[in-house]
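Text of the file run28.cif, holding mmCIF, C-alpha atoms (C1' of nucleotides):
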```cif
data_upload
#
loop_
_atom_site.label_atom_id
_atom_site.label_comp_id
_atom_site.auth_asym_id
_atom_site.auth_seq_id
_atom_site.Cartn_x
_atom_site.Cartn_y
_atom_site.Cartn_z
CA MET A 1 146.34 126.69 102.86
CA ARG A 2 143.75 124.08 103.58
CA ILE A 3 141.30 123.12 100.86
CA ALA A 4 138.43 120.73 101.51
CA THR A 5 135.63 118.99 99.65
CA TYR A 6 132.37 117.79 101.16
CA ASN A 7 129.37 116.16 99.52
CA VAL A 8 126.79 117.47 101.97
CA ASN A 9 123.73 115.64 100.60
CA GLY A 10 121.44 118.64 101.12
CA VAL A 11 123.06 121.92 102.16
CA ASN A 12 120.06 123.21 104.16
CA GLY A 13 119.35 119.96 105.96
CA ARG A 14 123.08 119.65 106.65
CA LEU A 15 123.66 123.24 107.75
CA PRO A 16 124.31 122.57 111.49
CA VAL A 17 126.82 119.83 110.63
CA LEU A 18 128.44 121.98 107.92
CA LEU A 19 128.81 125.01 110.22
CA ARG A 20 130.22 122.93 113.08
CA TRP A 21 132.75 121.30 110.76
CA LEU A 22 133.78 124.69 109.29
CA GLU A 23 134.23 126.08 112.80
CA GLU A 24 136.27 123.10 113.97
CA THR A 25 138.57 122.68 110.97
CA LYS A 26 138.63 126.18 109.43
CA PRO A 27 139.48 125.29 105.83
CA ASP A 28 140.45 128.24 103.59
CA VAL A 29 138.50 126.95 100.61
CA VAL A 30 135.65 124.43 100.49
CA CYS A 31 133.99 122.67 97.56
CA LEU A 32 130.46 121.45 98.26
CA GLN A 33 128.40 118.99 96.22
CA GLU A 34 124.80 117.83 96.28
CA LEU A 35 123.38 121.10 97.57
CA LYS A 36 119.87 119.86 96.69
CA ALA A 37 118.75 123.48 96.77
CA PRO A 38 117.50 125.85 94.09
CA GLN A 39 119.70 128.87 93.30
CA ASP A 40 117.67 131.21 95.55
CA ASN A 41 117.63 128.88 98.54
CA PHE A 42 121.35 128.69 99.32
CA PRO A 43 122.13 129.53 102.99
CA LEU A 44 124.40 132.45 102.07
CA LYS A 45 123.78 134.43 105.27
CA ALA A 46 124.89 131.59 107.53
CA ILE A 47 127.91 130.90 105.29
CA ASN A 48 128.88 134.59 105.32
CA GLU A 49 128.50 134.71 109.12
CA ALA A 50 130.81 131.72 109.35
CA GLY A 51 133.43 133.84 107.58
CA TYR A 52 133.17 132.62 103.98
CA ASN A 53 132.43 134.14 100.62
CA ALA A 54 130.57 131.81 98.29
CA ILE A 55 129.63 131.12 94.71
CA TRP A 56 127.17 128.38 93.88
CA HIS A 57 125.21 126.76 91.12
CA GLY A 58 121.96 125.45 92.48
CA GLN A 59 119.23 123.27 91.05
CA LYS A 60 115.78 122.44 92.32
CA GLN A 61 115.74 119.13 94.19
CA TRP A 62 119.00 117.59 92.95
CA ASN A 63 122.69 118.17 92.30
CA GLY A 64 124.12 121.64 92.99
CA VAL A 65 127.73 122.69 93.68
CA ALA A 66 129.34 125.54 95.58
CA ILE A 67 132.76 126.95 96.41
CA LEU A 68 133.34 128.74 99.72
CA ALA A 69 136.47 130.80 100.40
CA LYS A 70 137.73 132.91 103.27
CA GLY A 71 139.35 135.17 100.67
CA GLU A 72 138.11 136.56 97.41
CA ILE A 73 136.65 134.23 94.85
CA ARG A 74 135.76 135.00 91.26
CA GLU A 75 133.56 132.71 89.23
CA ILE A 76 134.94 131.68 85.83
CA GLY A 77 132.21 129.31 84.69
CA ARG A 78 129.27 127.28 85.90
CA ALA A 79 128.83 124.76 83.14
CA LEU A 80 131.10 122.08 81.77
CA PRO A 81 131.62 123.05 78.10
CA GLY A 82 130.61 120.79 75.25
CA ASN A 83 126.91 120.11 75.69
CA GLU A 84 124.47 123.01 75.66
CA GLU A 85 121.59 120.68 76.49
CA ASP A 86 123.04 119.54 79.81
CA GLN A 87 120.95 121.33 82.45
CA GLN A 88 122.33 119.57 85.52
CA SER A 89 124.31 121.75 87.91
CA ARG A 90 127.37 119.65 88.51
CA TYR A 91 130.28 121.97 87.82
CA ILE A 92 131.54 125.36 88.92
CA GLU A 93 134.93 126.90 88.30
CA ALA A 94 136.61 129.82 90.04
CA LEU A 95 139.74 131.87 90.39
CA LEU A 96 141.04 132.25 93.95
CA GLU A 97 142.91 135.31 95.18
CA ASN A 98 146.27 133.54 94.91
CA ASP A 99 145.54 133.03 91.16
CA MET A 100 144.83 129.38 91.59
CA VAL A 101 142.01 127.90 89.51
CA ILE A 102 139.66 125.53 91.28
CA ALA A 103 136.96 123.39 89.69
CA CYS A 104 134.30 121.93 91.96
CA LEU A 105 132.56 118.98 90.36
CA TYR A 106 129.89 116.39 90.99
CA LEU A 107 130.33 113.70 88.37
CA PRO A 108 127.16 111.72 87.54
CA ASN A 109 126.59 108.51 89.44
CA GLY A 110 125.76 106.55 86.27
CA ASN A 111 123.68 103.74 87.69
CA PRO A 112 122.01 101.66 86.47
CA ALA A 113 124.68 100.52 84.04
CA PRO A 114 124.45 100.00 81.18
CA GLY A 115 121.80 102.55 80.24
CA PRO A 116 121.20 106.23 79.50
CA LYS A 117 122.45 107.36 82.91
CA PHE A 118 125.68 105.48 82.38
CA ASP A 119 126.03 106.95 78.90
CA TYR A 120 125.55 110.42 80.42
CA LYS A 121 128.28 109.69 82.96
CA LEU A 122 130.78 108.71 80.25
CA GLU A 123 129.80 111.69 78.10
CA TRP A 124 130.22 114.03 81.08
CA PHE A 125 133.57 112.42 81.89
CA GLU A 126 134.80 113.00 78.33
CA ARG A 127 133.83 116.67 78.53
CA LEU A 128 135.66 116.92 81.86
CA TYR A 129 138.73 115.44 80.15
CA GLN A 130 138.56 118.09 77.44
CA ARG A 131 138.11 120.92 79.92
CA ALA A 132 140.89 119.55 82.15
CA GLY A 133 143.24 119.49 79.17
CA ASN A 134 142.45 123.11 78.37
CA LEU A 135 143.08 124.10 81.99
CA LEU A 136 146.46 122.30 81.97
CA ALA A 137 147.46 124.21 78.85
CA PHE A 138 147.26 127.49 80.80
CA LYS A 139 150.24 126.30 82.88
CA VAL A 140 148.76 127.74 86.05
CA PRO A 141 148.00 125.99 89.36
CA VAL A 142 144.71 124.12 88.98
CA LEU A 143 142.71 121.86 91.28
CA LEU A 144 139.95 119.49 90.16
CA VAL A 145 138.01 118.73 93.31
CA GLY A 146 134.87 116.93 94.27
CA ASP A 147 132.72 113.84 94.17
CA PHE A 148 133.92 111.98 91.09
CA ASN A 149 131.68 108.95 91.70
CA VAL A 150 134.69 106.85 90.69
CA ILE A 151 136.33 104.09 92.71
CA PRO A 152 139.78 104.29 91.09
CA THR A 153 141.21 100.91 92.16
CA GLU A 154 140.45 97.81 94.21
CA LEU A 155 142.19 99.48 97.14
CA ASP A 156 139.41 102.06 97.23
CA VAL A 157 136.48 99.79 98.04
CA TYR A 158 135.84 97.34 100.89
CA LYS A 159 134.70 94.47 98.65
CA PRO A 160 135.78 95.05 95.05
CA GLU A 161 134.17 91.85 93.76
CA ARG A 162 130.74 93.21 94.66
CA TRP A 163 131.25 96.38 92.65
CA VAL A 164 132.51 95.17 89.27
CA GLU A 165 129.14 95.77 87.55
CA ASP A 166 128.50 99.07 89.33
CA ALA A 167 128.77 102.41 87.51
CA LEU A 168 131.30 103.62 90.10
CA PHE A 169 133.72 100.80 89.40
CA ARG A 170 133.05 99.50 85.88
CA PRO A 171 136.17 99.19 83.69
CA GLU A 172 135.05 102.03 81.38
CA VAL A 173 134.84 104.41 84.34
CA ARG A 174 138.14 103.36 85.87
CA ARG A 175 139.76 103.74 82.46
CA ALA A 176 138.30 107.22 82.10
CA PHE A 177 139.73 108.20 85.49
CA GLU A 178 143.10 106.70 84.58
CA LYS A 179 143.08 108.57 81.27
CA LEU A 180 142.41 111.80 83.13
CA ILE A 181 145.29 111.14 85.54
CA HIS A 182 147.63 110.37 82.65
CA GLN A 183 146.76 113.72 81.13
CA GLY A 184 148.99 115.14 83.87
CA TRP A 185 147.06 115.15 87.14
CA THR A 186 148.07 113.89 90.57
CA ASP A 187 145.63 112.10 92.85
CA ALA A 188 146.65 113.91 96.06
CA LEU A 189 145.61 111.34 98.65
CA ARG A 190 147.13 108.43 96.71
CA LYS A 191 150.39 110.33 96.25
CA LEU A 192 150.76 110.72 100.02
CA TYR A 193 149.29 107.32 100.92
CA PRO A 194 150.02 104.95 98.03
CA ASN A 195 149.06 101.76 99.86
CA GLU A 196 146.57 102.74 102.55
CA THR A 197 142.89 102.00 102.68
CA ILE A 198 141.17 105.38 102.64
CA TYR A 199 137.42 105.86 102.36
CA THR A 200 135.38 109.02 101.92
CA PHE A 201 131.85 107.55 101.73
CA TRP A 202 129.90 105.06 103.81
CA ASP A 203 126.32 104.00 103.04
CA TYR A 204 123.58 105.02 105.45
CA PHE A 205 122.38 101.46 105.86
CA ARG A 206 123.74 98.07 106.78
CA ASN A 207 125.85 99.81 109.43
CA ALA A 208 128.37 100.61 106.72
CA TYR A 209 130.22 103.24 108.75
CA GLU A 210 130.48 101.04 111.85
CA ARG A 211 131.77 98.18 109.68
CA ASN A 212 134.04 100.55 107.75
CA ALA A 213 132.44 99.29 104.53
CA GLY A 214 133.34 102.39 102.57
CA LEU A 215 134.40 103.76 99.22
CA ARG A 216 136.94 106.36 98.14
CA ILE A 217 135.13 108.47 95.56
CA ASP A 218 135.86 112.09 96.57
CA HIS A 219 139.13 113.21 95.04
CA PHE A 220 141.67 116.02 94.70
CA LEU A 221 143.51 116.17 91.39
CA LEU A 222 146.49 118.53 91.29
CA SER A 223 148.00 120.12 88.21
CA PRO A 224 151.82 119.79 87.88
CA GLU A 225 152.25 123.32 89.28
CA LEU A 226 150.75 122.15 92.60
CA GLU A 227 152.23 118.70 92.91
CA HIS A 228 155.23 119.82 94.90
CA LYS A 229 153.20 122.10 97.15
CA LEU A 230 151.24 119.23 98.64
CA VAL A 231 152.04 118.99 102.37
CA SER A 232 149.37 116.73 103.82
CA ALA A 233 145.91 115.34 103.21
CA GLY A 234 143.22 113.40 105.02
CA VAL A 235 139.59 112.55 105.64
CA ASP A 236 137.61 114.08 108.51
CA LYS A 237 136.18 110.65 109.14
CA GLU A 238 134.64 111.42 112.53
CA VAL A 239 132.21 113.87 110.88
CA ARG A 240 130.54 110.88 109.22
CA GLY A 241 129.68 109.67 112.73
CA TRP A 242 128.00 112.90 113.81
CA GLU A 243 124.25 113.19 114.29
CA LYS A 244 122.43 113.95 111.00
CA SER A 245 125.60 113.42 108.97
CA SER A 246 125.94 113.18 105.20
CA ASP A 247 126.87 109.76 103.81
CA HIS A 248 130.17 111.33 102.68
CA ALA A 249 132.91 112.64 104.98
CA PRO A 250 134.85 115.84 104.25
CA VAL A 251 138.24 115.36 102.58
CA TRP A 252 141.05 117.93 102.73
CA ILE A 253 144.54 118.75 101.53
CA GLU A 254 147.13 121.20 102.80
CA LEU A 255 149.19 123.17 100.26
CA LYS A 256 152.24 125.27 101.08
"C1'" DA B 1 121.74 89.85 96.92
"C1'" DT B 2 119.15 93.55 98.52
"C1'" DG B 3 118.00 101.20 98.53
"C1'" DC B 4 117.46 97.97 104.50
"C1'" DC B 5 118.45 105.00 104.82
"C1'" DG B 6 118.15 109.85 103.88
"C1'" DT B 7 116.91 114.12 101.25
"C1'" DG B 8 113.83 117.29 98.95
"C1'" DG B 9 109.56 118.29 96.66
"C1'" DA B 10 105.19 117.32 96.22
"C1'" DA B 11 101.71 115.18 98.31
"C1'" DA B 12 100.84 111.82 102.50
"C1'" DC B 13 104.41 108.99 97.89
"C1'" DC B 14 107.87 109.79 94.63
"C1'" DA B 15 112.68 110.15 92.35
"C1'" DC B 16 117.21 109.82 93.28
"C1'" DG B 17 121.49 108.53 95.35
"C1'" DA B 18 126.14 104.87 95.38
#
```
Translate the structure of the given file into structure tokens.
Amino acid sequence: MRIATYNVNGVNGRLPVLLRWLEETKPDVVCLQELKAPQDNFPLKAINEAGYNAIWHGQKQWNGVAILAKGEIREIGRALPGNEEDQQSRYIEALLENDMVIACLYLPNGNPAPGPKFDYKLEWFERLYQRAGNLLAFKVPVLLVGDFNVIPTELDVYKPERWVEDALFRPEVRRAFEKLIHQGWTDALRKLYPNETIYTFWDYFRNAYERNAGLRIDHFLLSPELEHKLVSAGVDKEVRGWEKSSDHAPVWIELK
DNA sequence: ATGCCGTGGAAACCACGA
């Protein structure tokens, strides 16, 4: 089965691109981030007509996550536990019909750093670590998927020296990602391509896409139960070059 | 070195993103 993640940067503004990409690549399950749509303005009809069921957690103006599936999908939760005051819709968790658990997440950007937004990012990351540990303890197949807003290593950014102070690459954030991996997760794309330059995001300006000045910040983390089912993975890079594209490209994995 | 672009919501600019 093919599972994909795509930060759409506005699900309604991106609808033609999203539908074309779904039609061309036919993923079985899709995690979307940055819907930028309130709960009652999600394009469910168009998604259904494209052949997908959907659950989503919207928010007026910003954030918002969704999971689409050709098969049945049952929502488990739509908030990351541990902070009742967190109102931002950045997390949704579901059970797929093959009993796999999938968490679709949009980790906070965190800039400017240091500052309250960076503190929120680290706090959110710690709660994700706790939740991820609880999911691992169930000993079932689990996927943590989405826009982590983390550049894991120097290999994942075109000019690392320019990013050392940035909230996507600061040591605290890289350590948090490393700590999560060491909890027992596998970074799917790095497992298959340990030494390749792979990007999933290119800025809208400075001709970043044409210069291939990108970042790898959209990730698939596999629980141990899934590690040996990983067949292939990649980035639908050409989608980033389409008219009215998001600044992210879709990323996908294939599981047997 | 830098939101230079893009989105959505409100208002004809703003916040936010990475």
Q) Which residues come within 12 Å of segment 6-16 of chain B, counting all atoms listed in the file, excluding same-chain residues fewer than 2 positions away, as a PyMOL selection string? A) (chain A and resi 8-14+34-38+59-63+108-112+117+203-205+244-247) or (chain B and resi 3-4+18)
Q. Quick one: of A:Arg74, A:Arg20, A:Arg190, A:His57, who's nearest to Leu230 of chain A, counting all atoms listed in the file?
A.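 Nearest candidate to Leu230 of chain A out of A:Arg74, A:Arg20, A:Arg190, A:His57: A:Arg190.
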Can you report as lines of an AutoDock Vina configuration file the centre and edge lengths in Å, to one decimal, of an axis-aligned box around the listed atoms of segment 6-18 of chain B padded with 5 Å on each side?
```
center_x = 113.5
center_y = 111.6
center_z = 98.1
size_x = 35.3
size_y = 23.4
size_z = 21.5
```
Q: May I ask for the distance between atom CA of Arg170 of chain A and atom CA of Ile198 of chain A, given in Å to one decimal place?
A: 19.5 Å
Q.
If we count all atoms listed in the file and set the cut-off at 10 Å, which residues sit around segment 22-29 of chain A, ignoring sequence neighbours fewer than 5 positions away in its own chain? Please answer as a ChimeraX atom specification.
A. /A:1-5,16-17,47,50-54,67-71,73,96,102,236,252-254
Q: Enumerate, as a list of chain:residue names, the residues matched when the PyMOL selection byres ((chain A and resi 217-224) around 7) is run on the file above.
A: A:Leu136, A:Pro141, A:Val142, A:Leu143, A:Leu144, A:Val145, A:Gly146, A:Asp147, A:Phe148, A:Asn149, A:Val150, A:Ile151, A:Gly184, A:Trp185, A:Thr186, A:Asp187, A:Ala188, A:Thr200, A:Leu215, A:Arg216, A:Glu225, A:Leu226, A:Glu227
Export, as a CSV table (one decimal), keeping the file's coordinate frame, the selected residues with C-alpha atoms.
```csv
chain,number,residue,atom,x,y,z
A,136,LEU,CA,146.5,122.3,82.0
A,141,PRO,CA,148.0,126.0,89.4
A,142,VAL,CA,144.7,124.1,89.0
A,143,LEU,CA,142.7,121.9,91.3
A,144,LEU,CA,140.0,119.5,90.2
A,145,VAL,CA,138.0,118.7,93.3
A,146,GLY,CA,134.9,116.9,94.3
A,147,ASP,CA,132.7,113.8,94.2
A,148,PHE,CA,133.9,112.0,91.1
A,149,ASN,CA,131.7,109.0,91.7
A,150,VAL,CA,134.7,106.8,90.7
A,151,ILE,CA,136.3,104.1,92.7
A,184,GLY,CA,149.0,115.1,83.9
A,185,TRP,CA,147.1,115.2,87.1
A,186,THR,CA,148.1,113.9,90.6
A,187,ASP,CA,145.6,112.1,92.8
A,188,ALA,CA,146.6,113.9,96.1
A,200,THR,CA,135.4,109.0,101.9
A,215,LEU,CA,134.4,103.8,99.2
A,216,ARG,CA,136.9,106.4,98.1
A,225,GLU,CA,152.2,123.3,89.3
A,226,LEU,CA,150.8,122.2,92.6
A,227,GLU,CA,152.2,118.7,92.9
```
Q | Evaluate the PyMOL selection byres ((chain A and resi 123) around 12) and report residues as number ranges by chain | A | A: 80-83, 86, 107-108, 110, 116-122, 124-130, 172-173, 176
**Q.** For atom CA of Glu97 of chain A and atom CA of Gly77 of chain A, the interatomic separation in Å (one decimal)
**A.**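 For atom CA of Glu97 of chain A relative to atom CA of Gly77 of chain A, the distance reads 16.1 Å.
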Q) At what distance in Å, to one decimal, does atom CA of Val101 of chain A lie from atom CA of Asn195 of chain A? A)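 For atom CA of Asn195 of chain A relative to atom CA of Val101 of chain A, the distance reads 29.0 Å.
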Q) With distances taken over only C-alpha atoms (C1' of nucleotides), which of A:Asn7, A:Trp56, A:Ala66, A:Phe138 is nearest to chain B? A) A:Asn7
Since the input is missing atoms for segment 22-51 of chain A, could you rebuild it with N, CA and C atoms and give the result as an mmCIF file, in the frame of the given file?
```cif
data_model
loop_
_atom_site.group_PDB
_atom_site.id
_atom_site.type_symbol
_atom_site.label_atom_id
_atom_site.label_comp_id
_atom_site.auth_asym_id
_atom_site.auth_seq_id
_atom_site.Cartn_x
_atom_site.Cartn_y
_atom_site.Cartn_z
ATOM 1 N N LEU A 22 133.009 123.504 109.714
ATOM 2 C CA LEU A 22 133.780 124.690 109.290
ATOM 3 C C LEU A 22 134.459 125.338 110.500
ATOM 4 N N GLU A 23 133.709 125.460 111.587
ATOM 5 C CA GLU A 23 134.230 126.080 112.800
ATOM 6 C C GLU A 23 135.379 125.271 113.394
ATOM 7 N N GLU A 24 135.253 123.955 113.335
ATOM 8 C CA GLU A 24 136.270 123.100 113.970
ATOM 9 C C GLU A 24 137.531 122.951 113.132
ATOM 10 N N THR A 25 137.399 122.978 111.803
ATOM 11 C CA THR A 25 138.570 122.680 110.970
ATOM 12 C C THR A 25 139.077 123.878 110.173
ATOM 13 N N LYS A 26 138.231 124.909 110.049
ATOM 14 C CA LYS A 26 138.630 126.180 109.430
ATOM 15 C C LYS A 26 139.382 126.059 108.109
ATOM 16 N N PRO A 27 138.825 125.337 107.144
ATOM 17 C CA PRO A 27 139.480 125.290 105.830
ATOM 18 C C PRO A 27 139.435 126.678 105.170
ATOM 19 N N ASP A 28 140.416 126.959 104.312
ATOM 20 C CA ASP A 28 140.450 128.240 103.590
ATOM 21 C C ASP A 28 139.480 128.246 102.421
ATOM 22 N N VAL A 29 139.374 127.078 101.784
ATOM 23 C CA VAL A 29 138.500 126.950 100.610
ATOM 24 C C VAL A 29 137.742 125.627 100.742
ATOM 25 N N VAL A 30 136.467 125.637 100.380
ATOM 26 C CA VAL A 30 135.650 124.430 100.490
ATOM 27 C C VAL A 30 134.819 124.243 99.227
ATOM 28 N N CYS A 31 134.876 123.037 98.655
ATOM 29 C CA CYS A 31 133.990 122.670 97.560
ATOM 30 C C CYS A 31 132.855 121.824 98.120
ATOM 31 N N LEU A 32 131.631 122.201 97.808
ATOM 32 C CA LEU A 32 130.460 121.450 98.260
ATOM 33 C C LEU A 32 129.755 120.838 97.054
ATOM 34 N N GLN A 33 129.214 119.622 97.257
ATOM 35 C CA GLN A 33 128.400 118.990 96.220
ATOM 36 C C GLN A 33 127.080 118.527 96.820
ATOM 37 N N GLU A 34 126.162 118.253 95.925
ATOM 38 C CA GLU A 34 124.800 117.830 96.280
ATOM 39 C C GLU A 34 124.137 118.826 97.219
ATOM 40 N N LEU A 35 124.076 120.070 96.781
ATOM 41 C CA LEU A 35 123.380 121.100 97.570
ATOM 42 C C LEU A 35 121.906 120.739 97.736
ATOM 43 N N LYS A 36 121.315 120.165 96.700
ATOM 44 C CA LYS A 36 119.870 119.860 96.690
ATOM 45 C C LYS A 36 119.058 121.091 97.070
ATOM 46 N N ALA A 37 119.447 122.212 96.508
ATOM 47 C CA ALA A 37 118.750 123.480 96.770
ATOM 48 C C ALA A 37 118.703 124.302 95.498
ATOM 49 N N PRO A 38 117.564 124.948 95.239
ATOM 50 C CA PRO A 38 117.500 125.850 94.090
ATOM 51 C C PRO A 38 118.416 127.048 94.315
ATOM 52 N N GLN A 39 118.724 127.773 93.232
ATOM 53 C CA GLN A 39 119.700 128.870 93.300
ATOM 54 C C GLN A 39 119.362 129.875 94.403
ATOM 55 N N ASP A 40 118.060 130.169 94.578
ATOM 56 C CA ASP A 40 117.670 131.210 95.550
ATOM 57 C C ASP A 40 117.421 130.660 96.947
ATOM 58 N N ASN A 41 117.793 129.420 97.196
ATOM 59 C CA ASN A 41 117.630 128.880 98.540
ATOM 60 C C ASN A 41 118.950 128.333 99.098
ATOM 61 N N PHE A 42 120.025 129.040 98.784
ATOM 62 C CA PHE A 42 121.350 128.690 99.320
ATOM 63 C C PHE A 42 121.552 129.487 100.608
ATOM 64 N N PRO A 43 122.040 128.856 101.678
ATOM 65 C CA PRO A 43 122.130 129.530 102.990
ATOM 66 C C PRO A 43 123.309 130.514 103.065
ATOM 67 N N LEU A 44 123.271 131.526 102.192
ATOM 68 C CA LEU A 44 124.400 132.450 102.070
ATOM 69 C C LEU A 44 124.676 133.220 103.370
ATOM 70 N N LYS A 45 123.600 133.635 104.056
ATOM 71 C CA LYS A 45 123.780 134.430 105.270
ATOM 72 C C LYS A 45 124.580 133.652 106.318
ATOM 73 N N ALA A 46 124.188 132.416 106.542
ATOM 74 C CA ALA A 46 124.890 131.590 107.530
ATOM 75 C C ALA A 46 126.336 131.337 107.108
ATOM 76 N N ILE A 47 126.561 131.135 105.814
ATOM 77 C CA ILE A 47 127.910 130.900 105.290
ATOM 78 C C ILE A 47 128.760 132.166 105.470
ATOM 79 N N ASN A 48 128.172 133.306 105.147
ATOM 80 C CA ASN A 48 128.880 134.590 105.320
ATOM 81 C C ASN A 48 129.228 134.800 106.798
ATOM 82 N N GLU A 49 128.271 134.526 107.677
ATOM 83 C CA GLU A 49 128.500 134.710 109.120
ATOM 84 C C GLU A 49 129.570 133.770 109.646
ATOM 85 N N ALA A 50 129.742 132.654 108.959
ATOM 86 C CA ALA A 50 130.810 131.720 109.350
ATOM 87 C C ALA A 50 132.168 132.180 108.828
ATOM 88 N N GLY A 51 132.171 133.262 108.032
ATOM 89 C CA GLY A 51 133.430 133.840 107.580
ATOM 90 C C GLY A 51 133.831 133.495 106.152
#
```
